[in-house]
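Trainee: The structure's right below; bear with me while I get my questions together.
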Amino acid sequence: FASLLSPLNQISSLYRRVMSNAVDTEQLIELLNEKKEIQDKPHPVELVVGPEGADVSFRDVHFSYDGKVDVLRGISFDVPAGQSVALVGPSGGGKSTLSRLLFRMYDAQQGSICVSGTDVRDLSQRSLRAAIGLVPQDCVLANASIRFNIAYGGVLRLDEHGNARPGMELTMEDVVEAAKGAAIHDKILTFPDQYETLVGERGMRLSGGEKQRIAIARTLLKDPPILVLDEATSALDTHNERLIQTRLRELSKGRTSLTIAHRLSTIVDSDKIVVLKDGLVAEQGSHSELLAIPGGVYAELWAKQIEGQEGSAAASALPSGAT
Ligand code: ATP
């Protein structure tokens, strides 16, 4: 990727095209070095999703990275359109892996993942990725300015024909508004060249939390009907974390959302919580239903968090009558 974008003038010319929305989405994705091992079928289906999102279903999904260790061993659950589902469970249970399969960075070895009833393997990757806003735990920034890194979210939007949405012209105000929404604007103003500061491998190093906030700003601009949020494990400072949580909650309202959560206090209001353990769905239900399972995995995780550092935050988020 670095070598692709190395001449600075190439960045600026690409950037101008981003801002005028004339850039080809596919070309942009290539430039941003998305994995290309997964290929579209000869005549893929173009996914069309309304603003309210789409049903996402996982059916008996099996997956192994190396062909030896089974990371997912038969996962089935649904995310109904417009609802919020949280994935929780012990570290290494396969939560992030599921989000990668939905985004089709890899294909499941057995079973299927469907969006709007169509297997993701039959969809064009371009339309699938246009419909989903992914805020990963450890996002990689493009070797370009902060402005570019936020703005390209906007050109990843497609219309119902799979073309970059026409007439959508990004302005600097849009970029700044998205950065404010992601609670990163003030921080950007402290950087040497503000929005023009180069980031990525050869630019200024940003913290994990800052990178994630850039990814959130990009997603705000992309405005996708389906959201996949992989909550950062490394704690951000509490003030920013609260801001981001509020923003993410607003963002996921009325959309289909899958949130991978490490702090249970942030997902108690989800329509459904799916507990993943050792590559299997151990339990699923609402917060209060899961707490009612004696000796349950979720009940145990909850108790641990109450005891732990986050005890006070978790306890205060406990809905009345949920014990
Ligand atoms: P955490 O809560 O710590 O983020 P998780 O539930 O999201 O964990 P995954 O990241 O999906 O779990 O990982 C599941 C298993 O797959 C782990 O054993 C992990 O070591 C392994 N794994 C994850 N990514 C890869 C990879 N790229 N190559 C090989 N193994 C991987």
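Just remember, in the structure tokens the first chain shown is A, the second B, etc., residues are 1-based per chain, and ligands are 1-based in the order shown.
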Please extract the residues of stretch 124-285 of chain A with a backbone DSSP assignment of strand (DSSP E or B) and present them as a ChimeraX atom specification.
Mentor: /A:132-135,145,158,164,198-199,204,226-230,256-260,272-277,280-285
Trainee: Kindly work out which residues sit at most 9 Å from ligand 1, using only C-alpha atoms and all ligand atoms, and give the list as a count of residues only.
Mentor: 33
Trainee: Using only C-alpha atoms, pick whichever of A:Phe77, A:Phe58, A:Leu291, A:Ile38 has the shortest atom-to-atom distance to A:Ser124.
Mentor: A:Ile38
Trainee: Using only C-alpha atoms, which residue out of A:Ser84, A:Thr190, A:Gln305, A:Thr197 lies closest to A:Glu250?
Mentor: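 Looking at the shortest contact to A:Glu250, the residue is A:Ser84.
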Trainee: Point out the residue among A:Leu264, A:Leu251, A:Leu198, A:Val175 with the least atom-to-atom distance to A:Ser145, counting only C-alpha atoms.
Mentor: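 Going through A:Leu264, A:Leu251, A:Leu198, A:Val175 one by one, the smallest distance to A:Ser145 is for A:Leu198.
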Trainee: Assign secondary structure with DSSP using the backbone only, and return the residues of stretch 56-235 of chain A in helix (DSSP H, G or I) as number ranges by chain.
Mentor: A: 95-102, 120-122, 125-131, 146-155, 172-181, 185-189, 194-196, 208-222
